[in-house]
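Here the structure comes first, spelled out in structure tokens, and everything after it is commentary.
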Amino acid sequence: MSSPEAPPRQLRYVEALCEAFDQEMARDPSVFVFGLDVDDHKAIQGSTKGLLAKFGPERVFTTPLSEDAMTGIAIGAAMAGMRPVHVHIRMDFLLLAMNQLVNIAAKAHYMWGGQVKVPLVVRSMIGKSWGQGAQHSQGLHSMFMHVPGLKVVAPSNAHDAKGCMIAAIRDDNPVIFMEHRLLYPTQSEVAAEPFTVEPGKARICTRGDDLTVVGISNMAQEAIRAAELLHEVGVAAEVIDPIWLAPLDIETIAASAKRTGRLLVVDNGWTMAGASAEIIAGVAERVDGVRARRMGFAPTTCPTSPWLEEHFYPNPGTIAAAAWTLARPAEKPWAPSPQSTKLAYQVQFKGPF
Amino acid sequence: MSSPEAPPRQLRYVEALCEAFDQEMARDPSVFVFGLDVDDHKAIQGSTKGLLAKFGPERVFTTPLSEDAMTGIAIGAAMAGMRPVHVHIRMDFLLLAMNQLVNIAAKAHYMWGGQVKVPLVVRSMIGKSWGQGAQHSQGLHSMFMHVPGLKVVAPSNAHDAKGCMIAAIRDDNPVIFMEHRLLYPTQSEVAAEPFTVEPGKARICTRGDDLTVVGISNMAQEAIRAAELLHEVGVAAEVIDPIWLAPLDIETIAASAKRTGRLLVVDNGWTMAGASAEIIAGVAERVDGVRARRMGFAPTTCPTSPWLEEHFYPNPGTIAAAAWTLARPAEKPWAPSPQSTKLAYQVQFKGPF
Amino acid sequence: MPKAFAASRSDIERIYRAIRRIRRVEEVTAEIYPSDKIKSPVHLAIGQELVSVGVCDALRPDDVAGGSYRSHAVFLAKGGDLNAMMAEMYGKDTGCCRGKGGSMHIGDAAVGVAGSSAVVATQIPMLAGFALALKREGKGRVAVVFLGDGATEEGCFYETLNFAALAKLPLLLVCENNGYAIHEPIAKRRARPDGLCAVAEAIGVPARKITDGNTFAVRDAAAAAIARIREGGGPEFIEVQVYRWREHVGPNEDFDQDYRCRSEAEPWMAGDEVARLAALIDPATRQRIDGEIEAEIAAAVRFAEESPAPAPEELYADVFA
Amino acid sequence: MPKAFAASRSDIERIYRAIRRIRRVEEVTAEIYPSDKIKSPVHLAIGQELVSVGVCDALRPDDVAGGSYRSHAVFLAKGGDLNAMMAEMYGKDTGCCRGKGGSMHIGDAAVGVAGSSAVVATQIPMLAGFALALKREGKGRVAVVFLGDGATEEGCFYETLNFAALAKLPLLLVCENNGYAIHEPIAKRRARPDGLCAVAEAIGVPARKITDGNTFAVRDAAAAAIARIREGGGPEFIEVQVYRWREHVGPNEDFDQDYRCRSEAEPWMAGDEVARLAALIDPATRQRIDGEIEAEIAAAVRFAEESPAPAPEELYADVFA
Ligand SMILES: Cc1ncc(C[n+]2csc(CCOP(=O)(O)OP(=O)(O)O)c2C)c(N)n1
Ligand SMILES: Cc1ncc(C[n+]2csc(CCOP(=O)(O)OP(=O)(O)O)c2C)c(N)n1
Ligand SMILES: [Mg+2]
Ligand SMILES: [Mg+2]
């Protein structure tokens, strides 16, 4: 839908989100945005900035610290015809809302025989770095992917942030919208008009024949950086960003893996019974003979110490090294130099938040 | 640890559980059993029968309907040195306790630097049949497998129920103990003395060279029945019951799959980003060239209508048919007759519970 | 229990019809149940019908109501389709949820039955969400949520009370306090078993308790509260003491189990509203009403029995809207 | 604010030392913070120290206490090791959690600091669980949980109050009501902002509110409550009105942000307990105490700075016990 004449325009991820709310709230009076702190001066890192002034406190409001009930209230409002966007500053807090999300939101349309719909968007942010630690850093998308009736999306750039948010708001189903704090300051070209990035379509970010690398959420960015590093040593990686995790575009991934014969899945979450397991299993069911590996959070709780946190997450260096081993099994291991693995967006970031 | 002289003795699954509590509570005064309805005359289908009379209301007690707080209370008591067994009559209700289980129980030992331990057992029952429906039928083990710091176990017979429960109670970590309502009346040989079925060891239930079938929870029983049906048509299935899902004995499964070259995983839960995905991915990472398929709940909410519920679950017939196709790809599809697929334990079962 | 509310003849007849109809639906359901044609847990409302009837009598058709797994009475009192409810229990395609919800999840959006939920207390915030939408709509519509005493122990009950009061939502919370959660008496579950209204008030929701088992007392209290709520007064809480005559789940009595005894039930049975109201109606009218009810129920059972089962592919329908 | 509690000289000196020590640790932490050596969110207790100090002064060493992410004061008042806390903030191997918890998750099991949690209110049932264990043990030990006003809005707060009262747990709940959750004032979050004690009472937990910012008032109320709790009287609730001087998270003041203004803080700063108690102590003693505190803190910072980082393989340790 983006107009061909509009001049290219760079927007930050948070600005892109905010623009999505702004445009959708103007278009549809049933849309409202609420959740702890959406209306304060920090405005969820700027992603809800200006909405209160423009749309008023009935459509932009904070809540008590009551994630469980507030989720149920959002669901009821959605069933009654509204389009709530419920905001959480950490994905970890969704664990308080699991009952409502899984037992009601995911099931309402089905268990009441199609009588009701739950057009609800649940935004949450993943924290990383500066010691966010055990309870402020989790990427729990896999738990939601597991449940029929929920859609799950994890945009990795500003363009997709806007397009996915508009698609999520217009979707008649509950959508778990996973953002990543480290992506907030990153910029990309974003059309000024409303547009959608529709559920169920992955994006091939880089082309390559040596292996397929799937990167989820910010790991798509890390994988692209890894692909650059691999390029320097003659390995051509095809990086795929699934964007939507449910519905998942497994066909695009499987087609790529079939061609390259090698699949590395890098998740911003734990691997065990997670999104990366799903992608490998889904490909294995469709294509014979693909060699597959996954990476994600270390199988530990997230520590705060920077010396440990460093090893908890995949990064472009470890991704490139794993990709090398997968693509060049006969050759000796290789890893890029530590200096070359830093991502611009990670260097920018500064605590305490 | 079972004594060789003791005569073989058949016990029902619920009786085996009850015996585990009885023996462990007698052995260790820090063990207590609590949760909604553990002390009423139905005694959780008999699995807590007699405990109140024997150990008194301080060690066997019901609670208010407050799953979230009661889980936190169990965690605190465990941190303080007790060994709580917290009982839920449906696994679906654990969604109310996710915050405490994932954000505290799983992380406490790690995030407090090893200062505390959480020797907690969380028992929950999966409902099936007679229209349990959307909110009383879920097998949510995959969500717990996903989280480092939690152990997850799903015994499929009375022997393992006792041995796993004793192991779980003695374990210094939080254990999610998943039972299946349909298994409750099933009998098997159970040693009278206390014994443990230790974490991280799968069991090969039947030997076979044509394919490996992994069955989780009651699907282990369904898979064994399917193997009998397959045997009649000359297909030899190696059925594996993982018993413990975390830690998962992927090596035993991978070794079998390597030998048979074919892997069918049948879960009592959804497949997407679930235990079955984990098993296939884990095998794919270890062994090249295994052809893999999974089965589980239909990718829908569980309906109550018997005409729909019938198609929601894998059963020995559909498992056998899928195994046939996997093992005999060149031949035309086969399925056993509907009459031959019924399991004794399913026929026994009668609602409304 | 004193029972002295002024009510017109037509009020009495209407209320009697509504209560008796639900009672009979429940009794017929209990009779059918052992046949195993209803393959779904049922939680009967027998003995508690007066609450739904009294409250719903004070509602407008465009108001919204919802409850727990024990919601046959709410469904029928609010105008839900009896045929569709019976077919739902039978798991038929013509059921109100097309056979996917069963007894615990009945709903009828067309007449404002928002749906019922089987995880205790989950419906409380859900109905508050409806109230939020109705408030924004600004047409004076009200949402009512029915809940058990056990549901008041769940965190979301308190959380909802606070938000509803804070946002002045048009929400009426009606607690059917039958003194038990399954087999556990409230004294084993609440430090202050008599404190439900005090809790609501402390959080900021005006509360009122009705103990005399009188349908008109419930109706009058509900009508007064609903009038205030419609005017923007914010949420209110009504606790009604009732007694469950049958077992928690299933069709039978259970006084032979060791958790309660018949003598506890007897005063409630003696004061039964079905019988009391029946006695206030002239026999001819009463016979007519009763006859109509029996005919309607018989037709509903026939409808359910004769309705087609859902086709297998229906399993996959309606996962997503 | 009237401040007229009887206290001995040694009481005053002990309390002054405890409060001033925490204040200075927080101030030094704030000074270090911009260096980025502390790579972890910190939520300072400045202005609220009196609550932890007053309550912990009434505890026995074998009692147990825990709180939220804002628990430096609880940790230190209960006797937690300062070196270990400072090293924890630095992410060092010598930290109380070996660098895995950071400022938000400090604990010191050896002296009964049960640990602090960063998901608001999660610590409330956790400490009730400790209380359950202590009750079973039967040695009269008590558990104390510190929580913010925001934490009282979470369902588990109410659920815990009810169970604690029902089971007569030896639990003292101490709410540090600073009027804000991050930047949101309590009036935007509670229908009855002044109703916290009423809620506790309605559920069945005796409650008391202290508004005058006096450490001895807190101590005396806590001591009385704890004495009753030790005797088996069951849980009690104390709400203490306080004010947070710095931003919600991080080292700075934030009166230039548009959610609150300095004039709101000024009465609290004017009545600051550190200054008030200092004035009650003779200058020489005070100087000695202050000097000891500075030396201790300087040593702790040195300890943290010089401690080794955890080895990479530590990442994988302690996932399971
Ligand atoms: C969250 C949750 N916990 C436990 C259960 C099991 N359960 C079903 S009904 C019930 C009792 C509820 O009592 P109450 O709210 O008083 O309703 P009543 O059955 O008396 O109408 C319980 C504990 C459940 N369905 N949901
Ligand atoms: C369950 C949960 N919801 C939201 C947050 C984000 N959050 C962190 S601190 C805070 C405010 C808590 O306020 P209060 O309990 O009054 O404590 P204070 O910070 O004032 O000491 C919020 C909302 C969280 N950490 N946990
Ligand atoms: Mg009840
Ligand atoms: Mg506060």
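Numbering starts fresh at 1 for the residues of each chain in the structure tokens, the chains themselves are lettered A, B, ... in the order given, and ligands are numbered from 1 as they appear.
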* Please provide the set of residues having any atom within 10 Å of region 40-46 of chain C, restricted to only C-alpha atoms, with same-chain residues fewer than 5 positions apart removed, written as a ChimeraX atom specification. => /B:129-133,304-306,351-353 /C:19,22-27,29-30,33,51-52,68-74,88-91,101-104,243-252
* Asked: Do you know which residues are within 8 Å of ligand 4 using only C-alpha atoms and all ligand atoms? Can you write them as a VMD selection string?
  -> chain D and resid 148 to 151 176 to 182 186
Those same residues, written as a compact mmCIF listing (two decimals), in the first residue's frame with N, CA, C and O atoms?
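Written output follows (again_4.txt):
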# COMPACT_ATOMS: atom_id res chain seq x y z
N GLY D 148 5.80 -2.48 47.99
CA GLY D 148 5.41 -1.12 47.64
C GLY D 148 3.90 -0.98 47.59
O GLY D 148 3.16 -1.97 47.65
N ASP D 149 3.43 0.24 47.44
CA ASP D 149 1.99 0.46 47.29
C ASP D 149 1.49 -0.20 46.01
O ASP D 149 0.40 -0.76 45.97
N GLY D 150 2.30 -0.14 44.97
CA GLY D 150 1.88 -0.76 43.71
C GLY D 150 1.65 -2.25 43.86
O GLY D 150 0.76 -2.82 43.22
N ALA D 151 2.44 -2.88 44.69
CA ALA D 151 2.33 -4.33 44.87
C ALA D 151 0.99 -4.73 45.46
O ALA D 151 0.54 -5.86 45.27
N GLU D 176 5.53 -0.11 52.04
CA GLU D 176 6.17 1.21 51.95
C GLU D 176 5.40 2.01 50.90
O GLU D 176 5.66 1.89 49.71
N ASN D 177 4.46 2.78 51.37
CA ASN D 177 3.61 3.53 50.45
C ASN D 177 4.27 4.86 50.11
O ASN D 177 4.19 5.82 50.86
N ASN D 178 4.94 4.89 48.97
CA ASN D 178 5.57 6.14 48.53
C ASN D 178 4.70 6.87 47.52
O ASN D 178 5.14 7.83 46.88
N GLY D 179 3.48 6.40 47.35
CA GLY D 179 2.52 7.14 46.53
C GLY D 179 2.69 6.98 45.04
O GLY D 179 1.87 7.51 44.27
N TYR D 180 3.72 6.28 44.63
CA TYR D 180 3.93 6.13 43.19
C TYR D 180 4.30 4.68 42.83
O TYR D 180 4.96 3.99 43.61
N ALA D 181 3.90 4.30 41.65
CA ALA D 181 4.44 3.11 40.99
C ALA D 181 5.08 3.66 39.72
O ALA D 181 4.39 4.16 38.84
N ILE D 182 6.39 3.61 39.68
CA ILE D 182 7.14 4.31 38.63
C ILE D 182 6.67 5.77 38.62
O ILE D 182 6.92 6.47 39.61
N ILE D 186 -0.77 6.97 43.08
CA ILE D 186 -1.71 5.95 43.56
C ILE D 186 -3.16 6.31 43.22
O ILE D 186 -3.98 5.42 42.98
* To do: Name all residues at most 8 Å from region 136-141 of chain A (count only C-alpha atoms; drop same-chain ones fewer than 2 positions away) and give them as an MDAnalysis selection string.
  => (chainID A and resid 90:92 126:128 132:134 143:145 152 176 178 268:270 275 302) or (chainID D and resid 118)
Among region 27-201 of chain C, which residues does DSSP mark as strand (DSSP E or B) when it is run on the backbone? Keep the chain and numbering as in the structure and answer as an mmCIF file with C-alpha atoms, in the first residue's frame.
data_model
loop_
_atom_site.group_PDB
_atom_site.id
_atom_site.type_symbol
_atom_site.label_atom_id
_atom_site.label_comp_id
_atom_site.auth_asym_id
_atom_site.auth_seq_id
_atom_site.Cartn_x
_atom_site.Cartn_y
_atom_site.Cartn_z
ATOM 1 C CA VAL C 64 -24.824 -8.358 28.967
ATOM 2 C CA ALA C 65 -24.371 -11.195 31.466
ATOM 3 C CA GLY C 66 -21.902 -14.008 31.944
ATOM 4 C CA GLY C 67 -20.902 -16.550 34.519
ATOM 5 C CA SER C 68 -18.977 -19.647 35.387
ATOM 6 C CA ASP C 108 -25.643 -16.671 23.317
ATOM 7 C CA VAL C 113 -25.115 -14.004 27.244
ATOM 8 C CA ALA C 114 -21.432 -13.212 27.031
ATOM 9 C CA GLY C 115 -20.318 -16.757 27.651
ATOM 10 C CA SER C 116 -19.330 -18.802 30.621
ATOM 11 C CA SER C 117 -15.903 -20.033 31.619
ATOM 12 C CA ALA C 143 -22.730 -5.844 32.335
ATOM 13 C CA VAL C 144 -23.427 -8.392 35.046
ATOM 14 C CA VAL C 145 -21.072 -11.096 36.163
ATOM 15 C CA PHE C 146 -22.193 -14.074 38.211
ATOM 16 C CA LEU C 147 -19.608 -15.776 40.357
ATOM 17 C CA GLY C 148 -19.367 -18.308 43.136
ATOM 18 C CA LEU C 171 -20.620 -3.594 36.205
ATOM 19 C CA LEU C 172 -22.761 -5.504 38.653
ATOM 20 C CA LEU C 173 -20.992 -8.365 40.399
ATOM 21 C CA VAL C 174 -23.331 -10.998 41.759
ATOM 22 C CA CYS C 175 -21.847 -13.582 44.074
ATOM 23 C CA GLU C 176 -23.881 -16.760 44.522
ATOM 24 C CA ASN C 177 -22.545 -17.794 47.876
ATOM 25 C CA TYR C 180 -18.920 -24.506 49.148
ATOM 26 C CA ALA C 181 -16.259 -24.791 46.516
ATOM 27 C CA GLU C 184 -14.721 -27.429 50.736
ATOM 28 C CA PRO C 185 -16.767 -25.162 52.992
#
* **Test item: chain C residues at most 10 Å from chain D, counting only C-alpha atoms, as a PyMOL selection string** => chain C and resi 152-168+187-205
* Asked: Mind checking DSSP for region 88-234 of chain C and telling me the alpha helix (DSSP H) residues as a ChimeraX atom specification?
  -> /C:88-89,123-137,155-166,196-203,215-230
* To do: Tell me which protein, DNA and RNA residues are within 8 Å of Val265 (chain A), counting only C-alpha atoms, leaving out same-chain ones fewer than 4 positions away, and put them as a ChimeraX atom specification.
  => /A:213-215,276,279-280,292-295
* Asked: Which is closest to ligand 3 among B:Ala237, B:Val116, B:Val197, B:Leu65, if we use only C-alpha atoms and all ligand atoms?
  ->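 Closest to ligand 3, using only C-alpha atoms and all ligand atoms: B:Leu65.
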* At a cut-off of 8 Å, list the chain C residues touching chain A, using only C-alpha atoms, as a PyMOL selection string. => chain C and resi 96-101+105-109+115+119+122-134+136+156-157+159-160+163+317-321
* **All residues 6 Å or closer to region 329-344 of chain A, only C-alpha atoms, same chain fewer than 6 positions away omitted, as a list in words** =>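 In the requested format, the answer is Pro316, Gly317 and Ala321 of chain A.
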* Any idea what's packed within 9 Å of Asp37 (chain B), counting only C-alpha atoms, ignoring anything in its chain fewer than 4 positions away? Could you give it as a ChimeraX atom specification? -> /B:41-44,61-63,87-89 /C:182-184
* Return the single residue from A:Val60, A:Val239, A:Ala298, A:Leu96 that is closest to chain B, with distances computed using only C-alpha atoms. => A:Leu96
* Please, what distance in Å, to one decimal, runs between CA of Glu239 (chain C) and CA of Phe34 (chain B)? -> 28.8 Å
* To do: Kindly give the distance, in Å, that separates CA of Lys209 (chain C) and CA of Gly138 (chain C), rounded to a single decimal.
  =>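 The value is 28.9 Å.
Between CA of Val53 (chain C) and CA of Thr285 (chain C) there is a distance of 19.7 Å.
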